[in-house]
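Single-structure report; data block below.
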Amino acid sequence: MSAVAAIEPMIKADAIRKNYGRLEVLKGIDLQVQQGEVVCLIGPSGSGKSTLLRCINHLETLDAGRMWVDGAVMGYDLKGSKLHEQSHARICRSRVEIGMVFQHFNLFPHMTVLENLIEAPRLVLREKRSVATQRALKLLESVGLGDKAKAYPRQLSGGQQQRVAIARALCMKPKVMLFDEPTSALDPELVGEVLKVMKDLAATGMTMVVVTHEMNFARDVADRVVFMDDGHVVEQGPAAEVIGNPQHERTRAFLASVL
Amino acid sequence: MSVLTEPRETAVAPDDYTIVKAKHPGRWISAAVIVFVAILLLRSVMTNPNFGWGTVGMYLRDVSIVRGIGITLELTVICMAIGIVLGVVLAVMRIAANPVVRTAAFAYVNFFRGTPVLVQLLFWYNLAALYPSISFGIPGLDLDANRIITPMTAAILGLGLNQAAYMSEIVRAGILSVEHGQSEAAGALGINRLQTMRRIILPQAMRVIIPPTGNETIGMLKTTALVSVISVPELLYSSQIIYARNFETIPLLMVASIWYIVVTSILSIGQYYLERHYAKGGQRSLPPTPWQQLKRIVRVHAPLTSKGAIK
Ligand SMILES: Nc1ncnc2c1ncn2[C@@H]1O[C@H](COP(=O)(O)OP(=O)(O)O)[C@@H](O)[C@H]1O
Ligand SMILES: [Mg+2]
């Protein structure tokens, strides 16, 4: 790796704009996430946090701007001065680098926990079952669910399901992990076990972007907090500063409502 | 119960009240009417000589009738197979990203659902008049339509292609019943659209797809009677051939009807268990099967009477 690559951010959002019909959801977002950094995205409901996250792995197409992930433009091939739209197959390949965890887990209910984990490695990475299974079992162990490999998702609690979902994403050996309100659908007593897994993951040096309303998690784990409102990044900085001493009126109002 | 709230004039202890069951005179009257009508109907069926029960018995296991049942079943299986496979393809086309593909599938469904299947059958049967030779646009290929389109192929094409239009709607409803988050999660893992459909969406859609498909199969079995108009010797046409010879029209129609009822009843039992099987996961406890109901009645009532005797 050259010196240039070392300082290159893992994610670079460059003037991102996104509309749904006439509704402008992202109004020119600039954001950088360094390798190994944990960034928490906070902001009121409807401010565009999920949309921004989904633009990172190209689940949403952009209307303007560029999304760079690991030095490449997401969804496009850069040839000379032209950006060529990528085929669906190419986009799928880029998504392998980016794990995503959803609010409602979205586990595959017709498959066991183990099958959930090895499905994508087998289909996308074309791994042998034994190879994928070995890694999957290790990951299940690391999220504290080593004994649940043969269970079906509906037999697990919400917290357990979300931990499986995290393991499923990690099974693709991603370079970045995106979390969209991973604890919002959980009963309060189950939130801790999921946050603990995420904290452990952060400690391994994983680059993470986390949309969350858990301010304690943001304070403890995040290197940086980004406050979004109405499709703009309003304020960002170290967690202690943004949460402890917000500079903008809108940030203060939002924090007052959630703390 | 508090003694204070009890009305003073109550002379009987609560245990001694006798319960007078509600009477349902309406139920008795309607039951009586239905039984009366049923007896009349049964008597007329049994005594009217025009039904020709003797003849019915004679032809029930006639060789050509049995062969007709065979062809009816064969047509049902082949046409449903075509309908299901093509139906899945059409359903996936209906939700494709490509608008041309989507429109083509929509046009297909609209055409086949918008014209009577009887008319479609006659078209296929008379295809040779439309295209005397078939080349599929391949130079050098020249097939004689009269040779290829036998009554049986016309029947299979007519019923199978028409069924595909209906099956595609059932499959589409099944696909749409699967939560959007499923394809999103698959996409985020880098699984492509076709693999997502095959491995993630369709297996989950089966719960919604299979019960109505059982229904369609029963419908198809009866619809095959239509191909008698293009002289495919299935069950109805086989009976028609016989009564054209011996003029025992009603008895032979009875023979055909009895066989249709027997086969559809067997399929309906299969359908019942299929629906039960696919209701799993949707409900916590399944309704009991008739057999389980019977066992429960026997089990509950036996100890109850013995206990009652002790008391
Ligand atoms: N698929 C969509 N179609 C139309 N509008 C959408 C869609 N997804 C999100 N929106 C709208 O975009 C805005 C931002 O949504 P979202 O990114 O989900 O906000 P957040 O995650 O911050 O709550 C909301 O007003 C929402 O209604
Ligand atoms: Mg959201």
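Chain lettering (A, B, ...) mirrors the order of the structure tokens, residue numbering begins at 1 for each chain separately, and ligand numbering begins at 1 in order of display.
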* Residues within 10 Å of ligand 1 (only C-alpha atoms and all ligand atoms), as a VMD selection string? -> chain A and resid 18 to 26 41 to 55 60 180 to 181 211 to 212 228 to 231
* To do: Skip range 215-223 of chain A itself and residues of its chain fewer than 5 positions away, then list as an MDAnalysis selection string all residues within 8 Å of it, counting only C-alpha atoms.
  => chainID A and resid 37:40 195 199 202 238:240 243 259
Quick one: write out the picked residues with N, CA and C atoms as a compact mmCIF listing (two decimals), in the first residue's frame?
# COMPACT_ATOMS: atom_id res chain seq x y z
N GLU A 37 -12.38 4.05 11.68
CA GLU A 37 -13.13 5.05 12.45
C GLU A 37 -14.56 4.55 12.72
N VAL A 38 -15.11 4.95 13.86
CA VAL A 38 -16.51 4.65 14.16
C VAL A 38 -17.26 5.98 14.18
N VAL A 39 -18.22 6.11 13.25
CA VAL A 39 -18.97 7.36 13.14
C VAL A 39 -20.43 7.09 13.46
N CYS A 40 -20.98 7.88 14.39
CA CYS A 40 -22.41 7.75 14.66
C CYS A 40 -23.16 8.87 13.97
N LEU A 195 -25.46 -3.85 21.59
CA LEU A 195 -24.46 -2.78 21.65
C LEU A 195 -23.09 -3.33 22.05
N LYS A 199 -19.68 -2.89 20.12
CA LYS A 199 -18.52 -2.29 20.78
C LYS A 199 -17.28 -3.17 20.58
N ALA A 202 -16.04 -2.72 17.13
CA ALA A 202 -15.30 -1.45 16.99
C ALA A 202 -13.87 -1.62 17.51
N PRO A 238 -15.93 15.31 17.57
CA PRO A 238 -15.80 14.26 18.58
C PRO A 238 -17.09 14.13 19.38
N ALA A 239 -17.40 12.90 19.77
CA ALA A 239 -18.68 12.63 20.42
C ALA A 239 -18.91 13.53 21.62
N ALA A 240 -17.89 13.67 22.45
CA ALA A 240 -18.05 14.44 23.68
C ALA A 240 -18.45 15.89 23.35
N ILE A 243 -22.20 16.00 21.54
CA ILE A 243 -23.27 15.66 22.47
C ILE A 243 -23.21 16.54 23.72
N LEU A 259 -32.30 13.09 25.00
CA LEU A 259 -31.54 12.77 26.22
C LEU A 259 -32.43 12.75 27.45
* To do: At a cut-off of 10 Å, list the chain B residues touching chain A, using only C-alpha atoms, as a list in words.
  =>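 Close enough to count are Glu179, His180, Gly181, Gln182, Ser183, Glu184, Ala185, Ala186, Gly187, Ala188, Leu189, Gly190, Ile191, Asn192, Arg193, Gln195, Thr196, Arg199, Ile200, Ile201, Pro203, Gln204 and Gly281 of chain B.
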* To do: Would you list the contacts of Thr249 in chain B as a ChimeraX atom specification, taking every protein, DNA or RNA residue within 8 Å and counting only C-alpha atoms, but skipping same-chain residues closer than 5 positions in sequence?
  => /B:240,243-244
From a DSSP calculation on the backbone, collect every residue of range 152-308 of chain B in alpha helix (DSSP H) and output the set as a compact mmCIF listing (two decimals) with N, CA and C atoms, in the first residue's frame.
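As a result, part.txt now contains:
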# COMPACT_ATOMS: atom_id res chain seq x y z
N MET B 152 -54.42 -33.61 -29.22
CA MET B 152 -53.79 -33.63 -27.90
C MET B 152 -52.85 -32.43 -27.72
N THR B 153 -52.01 -32.13 -28.72
CA THR B 153 -51.12 -30.97 -28.56
C THR B 153 -51.92 -29.67 -28.51
N ALA B 154 -52.98 -29.60 -29.30
CA ALA B 154 -53.82 -28.40 -29.25
C ALA B 154 -54.39 -28.23 -27.85
N ALA B 155 -54.82 -29.36 -27.25
CA ALA B 155 -55.40 -29.31 -25.90
C ALA B 155 -54.35 -28.88 -24.89
N ILE B 156 -53.14 -29.45 -24.99
CA ILE B 156 -52.08 -29.11 -24.03
C ILE B 156 -51.68 -27.65 -24.16
N LEU B 157 -51.52 -27.19 -25.41
CA LEU B 157 -51.16 -25.78 -25.61
C LEU B 157 -52.27 -24.87 -25.10
N GLY B 158 -53.50 -25.20 -25.48
CA GLY B 158 -54.63 -24.34 -25.12
C GLY B 158 -54.78 -24.22 -23.61
N LEU B 159 -54.85 -25.36 -22.93
CA LEU B 159 -55.08 -25.32 -21.48
C LEU B 159 -53.84 -24.85 -20.72
N GLY B 160 -52.65 -25.31 -21.15
CA GLY B 160 -51.41 -24.98 -20.43
C GLY B 160 -51.08 -23.50 -20.52
N LEU B 161 -51.15 -22.94 -21.74
CA LEU B 161 -50.79 -21.53 -21.90
C LEU B 161 -51.80 -20.63 -21.19
N ASN B 162 -53.07 -21.04 -21.23
CA ASN B 162 -54.10 -20.26 -20.54
C ASN B 162 -53.88 -20.33 -19.03
N GLN B 163 -53.55 -21.52 -18.53
CA GLN B 163 -53.34 -21.68 -17.09
C GLN B 163 -52.15 -20.83 -16.63
N ALA B 164 -51.14 -20.71 -17.47
CA ALA B 164 -49.95 -19.93 -17.10
C ALA B 164 -50.33 -18.49 -16.75
N ALA B 165 -51.30 -17.94 -17.47
CA ALA B 165 -51.73 -16.56 -17.21
C ALA B 165 -52.29 -16.46 -15.79
N TYR B 166 -53.11 -17.44 -15.40
CA TYR B 166 -53.69 -17.41 -14.06
C TYR B 166 -52.64 -17.70 -12.99
N MET B 167 -51.77 -18.68 -13.30
CA MET B 167 -50.72 -19.02 -12.32
C MET B 167 -49.79 -17.84 -12.08
N SER B 168 -49.53 -17.06 -13.12
CA SER B 168 -48.60 -15.94 -12.94
C SER B 168 -49.15 -14.95 -11.93
N GLU B 169 -50.46 -14.78 -11.92
CA GLU B 169 -51.06 -13.86 -10.95
C GLU B 169 -50.91 -14.41 -9.53
N ILE B 170 -51.08 -15.72 -9.39
CA ILE B 170 -50.93 -16.35 -8.07
C ILE B 170 -49.48 -16.23 -7.59
N VAL B 171 -48.54 -16.52 -8.50
CA VAL B 171 -47.12 -16.44 -8.13
C VAL B 171 -46.74 -15.00 -7.81
N ARG B 172 -47.28 -14.07 -8.59
CA ARG B 172 -46.96 -12.65 -8.34
C ARG B 172 -47.44 -12.23 -6.96
N ALA B 173 -48.65 -12.66 -6.61
CA ALA B 173 -49.17 -12.33 -5.27
C ALA B 173 -48.25 -12.92 -4.21
N GLY B 174 -47.75 -14.14 -4.46
CA GLY B 174 -46.84 -14.77 -3.51
C GLY B 174 -45.56 -13.98 -3.36
N ILE B 175 -44.99 -13.56 -4.49
CA ILE B 175 -43.74 -12.79 -4.45
C ILE B 175 -43.96 -11.48 -3.70
N LEU B 176 -45.08 -10.83 -3.98
CA LEU B 176 -45.35 -9.54 -3.32
C LEU B 176 -45.61 -9.71 -1.82
N SER B 177 -45.99 -10.94 -1.41
CA SER B 177 -46.28 -11.15 0.01
C SER B 177 -44.99 -11.21 0.84
N HIS B 180 -40.28 -6.63 1.77
CA HIS B 180 -39.27 -6.00 0.93
C HIS B 180 -37.88 -6.09 1.57
N GLY B 181 -37.84 -6.09 2.89
CA GLY B 181 -36.56 -6.17 3.61
C GLY B 181 -35.75 -7.39 3.23
N GLN B 182 -36.42 -8.45 2.78
CA GLN B 182 -35.71 -9.68 2.42
C GLN B 182 -34.82 -9.48 1.21
N SER B 183 -35.37 -8.88 0.14
CA SER B 183 -34.54 -8.67 -1.05
C SER B 183 -33.49 -7.60 -0.77
N GLU B 184 -33.83 -6.66 0.12
CA GLU B 184 -32.86 -5.63 0.48
C GLU B 184 -31.66 -6.25 1.21
N ALA B 185 -31.95 -7.13 2.18
CA ALA B 185 -30.88 -7.77 2.92
C ALA B 185 -30.02 -8.60 1.97
N ALA B 186 -30.68 -9.31 1.05
CA ALA B 186 -29.92 -10.13 0.10
C ALA B 186 -29.05 -9.23 -0.78
N GLY B 187 -29.63 -8.13 -1.25
CA GLY B 187 -28.87 -7.20 -2.09
C GLY B 187 -27.67 -6.63 -1.36
N ALA B 188 -27.85 -6.30 -0.09
CA ALA B 188 -26.75 -5.73 0.69
C ALA B 188 -25.62 -6.74 0.87
N ARG B 193 -30.01 -10.40 -8.33
CA ARG B 193 -31.49 -10.44 -8.33
C ARG B 193 -32.03 -11.83 -8.60
N LEU B 194 -31.41 -12.53 -9.57
CA LEU B 194 -31.93 -13.85 -9.93
C LEU B 194 -31.74 -14.83 -8.78
N GLN B 195 -30.55 -14.79 -8.16
CA GLN B 195 -30.30 -15.67 -7.01
C GLN B 195 -31.21 -15.31 -5.85
N LEU B 202 -38.72 -16.79 -3.65
CA LEU B 202 -39.66 -17.84 -4.03
C LEU B 202 -39.90 -18.87 -2.92
N PRO B 203 -38.86 -19.34 -2.23
CA PRO B 203 -39.15 -20.30 -1.14
C PRO B 203 -40.12 -19.74 -0.10
N GLN B 204 -40.03 -18.43 0.17
CA GLN B 204 -40.94 -17.84 1.15
C GLN B 204 -42.31 -17.60 0.55
N ALA B 205 -42.35 -17.37 -0.78
CA ALA B 205 -43.62 -17.10 -1.44
C ALA B 205 -44.48 -18.36 -1.52
N MET B 206 -43.84 -19.55 -1.42
CA MET B 206 -44.55 -20.82 -1.57
C MET B 206 -45.76 -20.94 -0.63
N ARG B 207 -45.60 -20.39 0.56
CA ARG B 207 -46.68 -20.43 1.55
C ARG B 207 -47.97 -19.82 0.99
N VAL B 208 -47.80 -18.79 0.20
CA VAL B 208 -48.95 -18.11 -0.39
C VAL B 208 -49.34 -18.76 -1.71
N ILE B 209 -48.35 -19.32 -2.42
CA ILE B 209 -48.60 -19.82 -3.77
C ILE B 209 -49.27 -21.20 -3.77
N ILE B 210 -48.84 -22.09 -2.87
CA ILE B 210 -49.25 -23.49 -3.00
C ILE B 210 -50.74 -23.74 -2.74
N PRO B 211 -51.36 -23.18 -1.70
CA PRO B 211 -52.78 -23.48 -1.51
C PRO B 211 -53.67 -23.13 -2.72
N PRO B 212 -53.59 -21.93 -3.30
CA PRO B 212 -54.43 -21.67 -4.47
C PRO B 212 -54.05 -22.50 -5.68
N THR B 213 -52.79 -22.97 -5.73
CA THR B 213 -52.39 -23.82 -6.85
C THR B 213 -53.11 -25.17 -6.77
N GLY B 214 -53.30 -25.66 -5.55
CA GLY B 214 -54.09 -26.87 -5.37
C GLY B 214 -55.51 -26.68 -5.90
N ASN B 215 -56.06 -25.53 -5.58
CA ASN B 215 -57.39 -25.17 -6.07
C ASN B 215 -57.43 -25.16 -7.59
N GLU B 216 -56.41 -24.55 -8.19
CA GLU B 216 -56.34 -24.46 -9.64
C GLU B 216 -56.26 -25.85 -10.27
N THR B 217 -55.56 -26.77 -9.59
CA THR B 217 -55.42 -28.13 -10.12
C THR B 217 -56.79 -28.80 -10.19
N ILE B 218 -57.58 -28.61 -9.13
CA ILE B 218 -58.93 -29.18 -9.13
C ILE B 218 -59.75 -28.55 -10.25
N GLY B 219 -59.60 -27.23 -10.41
CA GLY B 219 -60.30 -26.54 -11.50
C GLY B 219 -59.88 -27.07 -12.86
N MET B 220 -58.57 -27.30 -13.00
CA MET B 220 -58.04 -27.79 -14.27
C MET B 220 -58.63 -29.15 -14.63
N LEU B 221 -58.75 -30.01 -13.61
CA LEU B 221 -59.29 -31.35 -13.86
C LEU B 221 -60.66 -31.25 -14.53
N LYS B 222 -61.47 -30.32 -14.06
CA LYS B 222 -62.80 -30.18 -14.64
C LYS B 222 -62.76 -29.47 -15.99
N THR B 223 -61.83 -28.51 -16.10
CA THR B 223 -61.74 -27.74 -17.35
C THR B 223 -61.32 -28.63 -18.52
N LEU B 235 -62.22 -38.12 -20.44
CA LEU B 235 -63.37 -38.75 -19.79
C LEU B 235 -64.71 -38.37 -20.42
N LEU B 236 -64.97 -37.07 -20.61
CA LEU B 236 -66.27 -36.68 -21.15
C LEU B 236 -66.45 -37.17 -22.58
N TYR B 237 -65.41 -36.97 -23.42
CA TYR B 237 -65.53 -37.37 -24.82
C TYR B 237 -65.71 -38.88 -24.94
N SER B 238 -65.05 -39.63 -24.08
CA SER B 238 -65.21 -41.09 -24.11
C SER B 238 -66.65 -41.47 -23.82
N SER B 239 -67.28 -40.79 -22.86
CA SER B 239 -68.69 -41.09 -22.59
C SER B 239 -69.57 -40.66 -23.76
N GLN B 240 -69.20 -39.53 -24.37
CA GLN B 240 -69.99 -39.05 -25.50
C GLN B 240 -69.97 -40.05 -26.66
N ILE B 241 -68.79 -40.63 -26.89
CA ILE B 241 -68.67 -41.61 -27.98
C ILE B 241 -69.61 -42.78 -27.72
N ILE B 242 -69.66 -43.20 -26.44
CA ILE B 242 -70.51 -44.35 -26.12
C ILE B 242 -71.99 -44.01 -26.28
N TYR B 243 -72.41 -42.85 -25.77
CA TYR B 243 -73.85 -42.56 -25.89
C TYR B 243 -74.25 -42.16 -27.30
N ALA B 244 -73.28 -41.77 -28.14
CA ALA B 244 -73.61 -41.53 -29.54
C ALA B 244 -73.99 -42.86 -30.20
N ARG B 245 -73.43 -43.93 -29.67
CA ARG B 245 -73.71 -45.26 -30.22
C ARG B 245 -75.01 -45.84 -29.66
N ASN B 246 -75.16 -45.77 -28.31
CA ASN B 246 -76.30 -46.48 -27.70
C ASN B 246 -77.42 -45.56 -27.19
N THR B 249 -77.80 -41.34 -23.12
CA THR B 249 -77.10 -40.09 -22.82
C THR B 249 -76.94 -39.84 -21.32
N ILE B 250 -78.08 -39.83 -20.61
CA ILE B 250 -78.04 -39.48 -19.19
C ILE B 250 -77.18 -40.45 -18.38
N PRO B 251 -77.37 -41.76 -18.52
CA PRO B 251 -76.53 -42.67 -17.73
C PRO B 251 -75.04 -42.45 -17.96
N LEU B 252 -74.63 -42.17 -19.20
CA LEU B 252 -73.21 -42.00 -19.44
C LEU B 252 -72.70 -40.67 -18.91
N LEU B 253 -73.56 -39.65 -18.94
CA LEU B 253 -73.15 -38.39 -18.30
C LEU B 253 -73.01 -38.61 -16.79
N MET B 254 -73.88 -39.49 -16.24
CA MET B 254 -73.76 -39.82 -14.81
C MET B 254 -72.42 -40.51 -14.54
N VAL B 255 -72.06 -41.43 -15.44
CA VAL B 255 -70.78 -42.13 -15.28
C VAL B 255 -69.63 -41.13 -15.22
N ALA B 256 -69.62 -40.19 -16.19
CA ALA B 256 -68.54 -39.19 -16.22
C ALA B 256 -68.56 -38.37 -14.94
N SER B 257 -69.78 -37.92 -14.52
CA SER B 257 -69.88 -37.06 -13.33
C SER B 257 -69.37 -37.78 -12.09
N ILE B 258 -69.75 -39.05 -11.96
CA ILE B 258 -69.30 -39.81 -10.78
C ILE B 258 -67.79 -39.83 -10.72
N TRP B 259 -67.15 -40.09 -11.87
CA TRP B 259 -65.68 -40.14 -11.86
C TRP B 259 -65.06 -38.78 -11.56
N TYR B 260 -65.68 -37.71 -12.12
CA TYR B 260 -65.15 -36.37 -11.82
C TYR B 260 -65.22 -36.11 -10.32
N ILE B 261 -66.39 -36.48 -9.71
CA ILE B 261 -66.54 -36.23 -8.27
C ILE B 261 -65.52 -37.04 -7.47
N VAL B 262 -65.34 -38.32 -7.86
CA VAL B 262 -64.40 -39.15 -7.13
C VAL B 262 -63.00 -38.53 -7.17
N VAL B 263 -62.54 -38.15 -8.37
CA VAL B 263 -61.16 -37.64 -8.48
C VAL B 263 -61.03 -36.28 -7.80
N THR B 264 -62.02 -35.38 -8.00
CA THR B 264 -61.89 -34.06 -7.35
C THR B 264 -61.98 -34.21 -5.83
N SER B 265 -62.75 -35.18 -5.34
CA SER B 265 -62.81 -35.37 -3.89
C SER B 265 -61.45 -35.78 -3.34
N ILE B 266 -60.80 -36.71 -4.06
CA ILE B 266 -59.47 -37.14 -3.62
C ILE B 266 -58.52 -35.94 -3.61
N LEU B 267 -58.57 -35.14 -4.69
CA LEU B 267 -57.70 -33.96 -4.75
C LEU B 267 -58.04 -32.97 -3.63
N SER B 268 -59.33 -32.85 -3.30
CA SER B 268 -59.72 -31.89 -2.26
C SER B 268 -59.16 -32.29 -0.90
N ILE B 269 -59.11 -33.60 -0.64
CA ILE B 269 -58.52 -34.05 0.62
C ILE B 269 -57.04 -33.66 0.66
N GLY B 270 -56.35 -33.91 -0.47
CA GLY B 270 -54.95 -33.51 -0.56
C GLY B 270 -54.80 -32.01 -0.34
N GLN B 271 -55.69 -31.25 -0.97
CA GLN B 271 -55.68 -29.78 -0.84
C GLN B 271 -55.85 -29.36 0.61
N TYR B 272 -56.74 -30.04 1.33
CA TYR B 272 -57.00 -29.71 2.74
C TYR B 272 -55.71 -29.83 3.56
N TYR B 273 -55.01 -30.95 3.37
CA TYR B 273 -53.79 -31.14 4.15
C TYR B 273 -52.68 -30.20 3.71
N LEU B 274 -52.65 -29.90 2.40
CA LEU B 274 -51.67 -28.95 1.88
C LEU B 274 -51.85 -27.59 2.52
N GLU B 275 -53.09 -27.13 2.60
CA GLU B 275 -53.37 -25.82 3.19
C GLU B 275 -52.99 -25.81 4.66
N ARG B 276 -53.30 -26.90 5.34
CA ARG B 276 -52.94 -27.01 6.75
C ARG B 276 -51.44 -26.91 6.93
N HIS B 277 -50.72 -27.65 6.05
CA HIS B 277 -49.27 -27.66 6.15
C HIS B 277 -48.70 -26.25 5.98
N TYR B 278 -49.25 -25.52 5.01
CA TYR B 278 -48.69 -24.19 4.73
C TYR B 278 -49.25 -23.11 5.63
N ALA B 279 -50.22 -23.46 6.48
CA ALA B 279 -50.70 -22.50 7.48
C ALA B 279 -49.73 -22.45 8.64
N PRO B 290 -60.31 -33.61 10.51
CA PRO B 290 -61.53 -34.33 10.87
C PRO B 290 -61.22 -35.56 11.72
N TRP B 291 -60.14 -36.26 11.37
CA TRP B 291 -59.74 -37.46 12.10
C TRP B 291 -59.40 -37.12 13.55
N GLN B 292 -58.63 -36.02 13.74
CA GLN B 292 -58.29 -35.59 15.09
C GLN B 292 -59.53 -35.18 15.87
N GLN B 293 -60.48 -34.54 15.17
CA GLN B 293 -61.73 -34.13 15.82
C GLN B 293 -62.46 -35.35 16.36
N LEU B 294 -62.51 -36.39 15.51
CA LEU B 294 -63.20 -37.62 15.88
C LEU B 294 -62.56 -38.23 17.13
N LYS B 295 -61.21 -38.29 17.10
CA LYS B 295 -60.49 -38.86 18.24
C LYS B 295 -60.76 -38.06 19.51
N ARG B 296 -60.81 -36.74 19.34
CA ARG B 296 -61.01 -35.89 20.51
C ARG B 296 -62.40 -36.13 21.11
N ILE B 297 -63.40 -36.25 20.25
CA ILE B 297 -64.76 -36.49 20.76
C ILE B 297 -64.79 -37.77 21.58
N VAL B 298 -64.19 -38.82 21.02
CA VAL B 298 -64.18 -40.11 21.72
C VAL B 298 -63.45 -39.99 23.05
N ARG B 299 -62.28 -39.32 23.02
CA ARG B 299 -61.45 -39.23 24.21
C ARG B 299 -62.12 -38.39 25.31
N VAL B 300 -62.73 -37.27 24.91
CA VAL B 300 -63.32 -36.37 25.90
C VAL B 300 -64.56 -36.99 26.52
N HIS B 301 -65.36 -37.65 25.69
CA HIS B 301 -66.65 -38.10 26.19
C HIS B 301 -66.57 -39.34 27.05
N ALA B 302 -65.63 -40.22 26.76
CA ALA B 302 -65.55 -41.45 27.54
C ALA B 302 -65.30 -41.18 29.03
N PRO B 303 -64.26 -40.43 29.43
CA PRO B 303 -64.05 -40.20 30.86
C PRO B 303 -65.16 -39.36 31.48
N LEU B 304 -65.76 -38.48 30.69
CA LEU B 304 -66.79 -37.60 31.22
C LEU B 304 -67.97 -38.40 31.75
N THR B 305 -68.40 -39.40 30.98
CA THR B 305 -69.56 -40.17 31.40
C THR B 305 -69.23 -41.01 32.63
N SER B 306 -68.00 -41.53 32.69
CA SER B 306 -67.64 -42.37 33.84
C SER B 306 -67.59 -41.52 35.11
N LYS B 307 -67.04 -40.27 34.95
CA LYS B 307 -66.99 -39.39 36.10
C LYS B 307 -68.40 -39.02 36.56
N GLY B 308 -69.23 -38.75 35.55
CA GLY B 308 -70.61 -38.37 35.86
C GLY B 308 -71.30 -39.46 36.67
* Nearest to ligand 2: which of A:Val210, A:Ala253, A:Ala64, A:Leu78 is it, counting only C-alpha atoms and all ligand atoms? -> A:Val210
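Of note, CA of Val227 in chain B and CA of Gly54 in chain B are spaced 28.2 Å apart.
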* Name the closest residue to ligand 2 among the candidates A:Thr183, A:Gln134, A:Thr251, A:Gln236; distances are taken between atoms, counting only C-alpha atoms and all ligand atoms. =>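 Looking only at the distances to ligand 2, the closest residue turns out to be A:Thr183.
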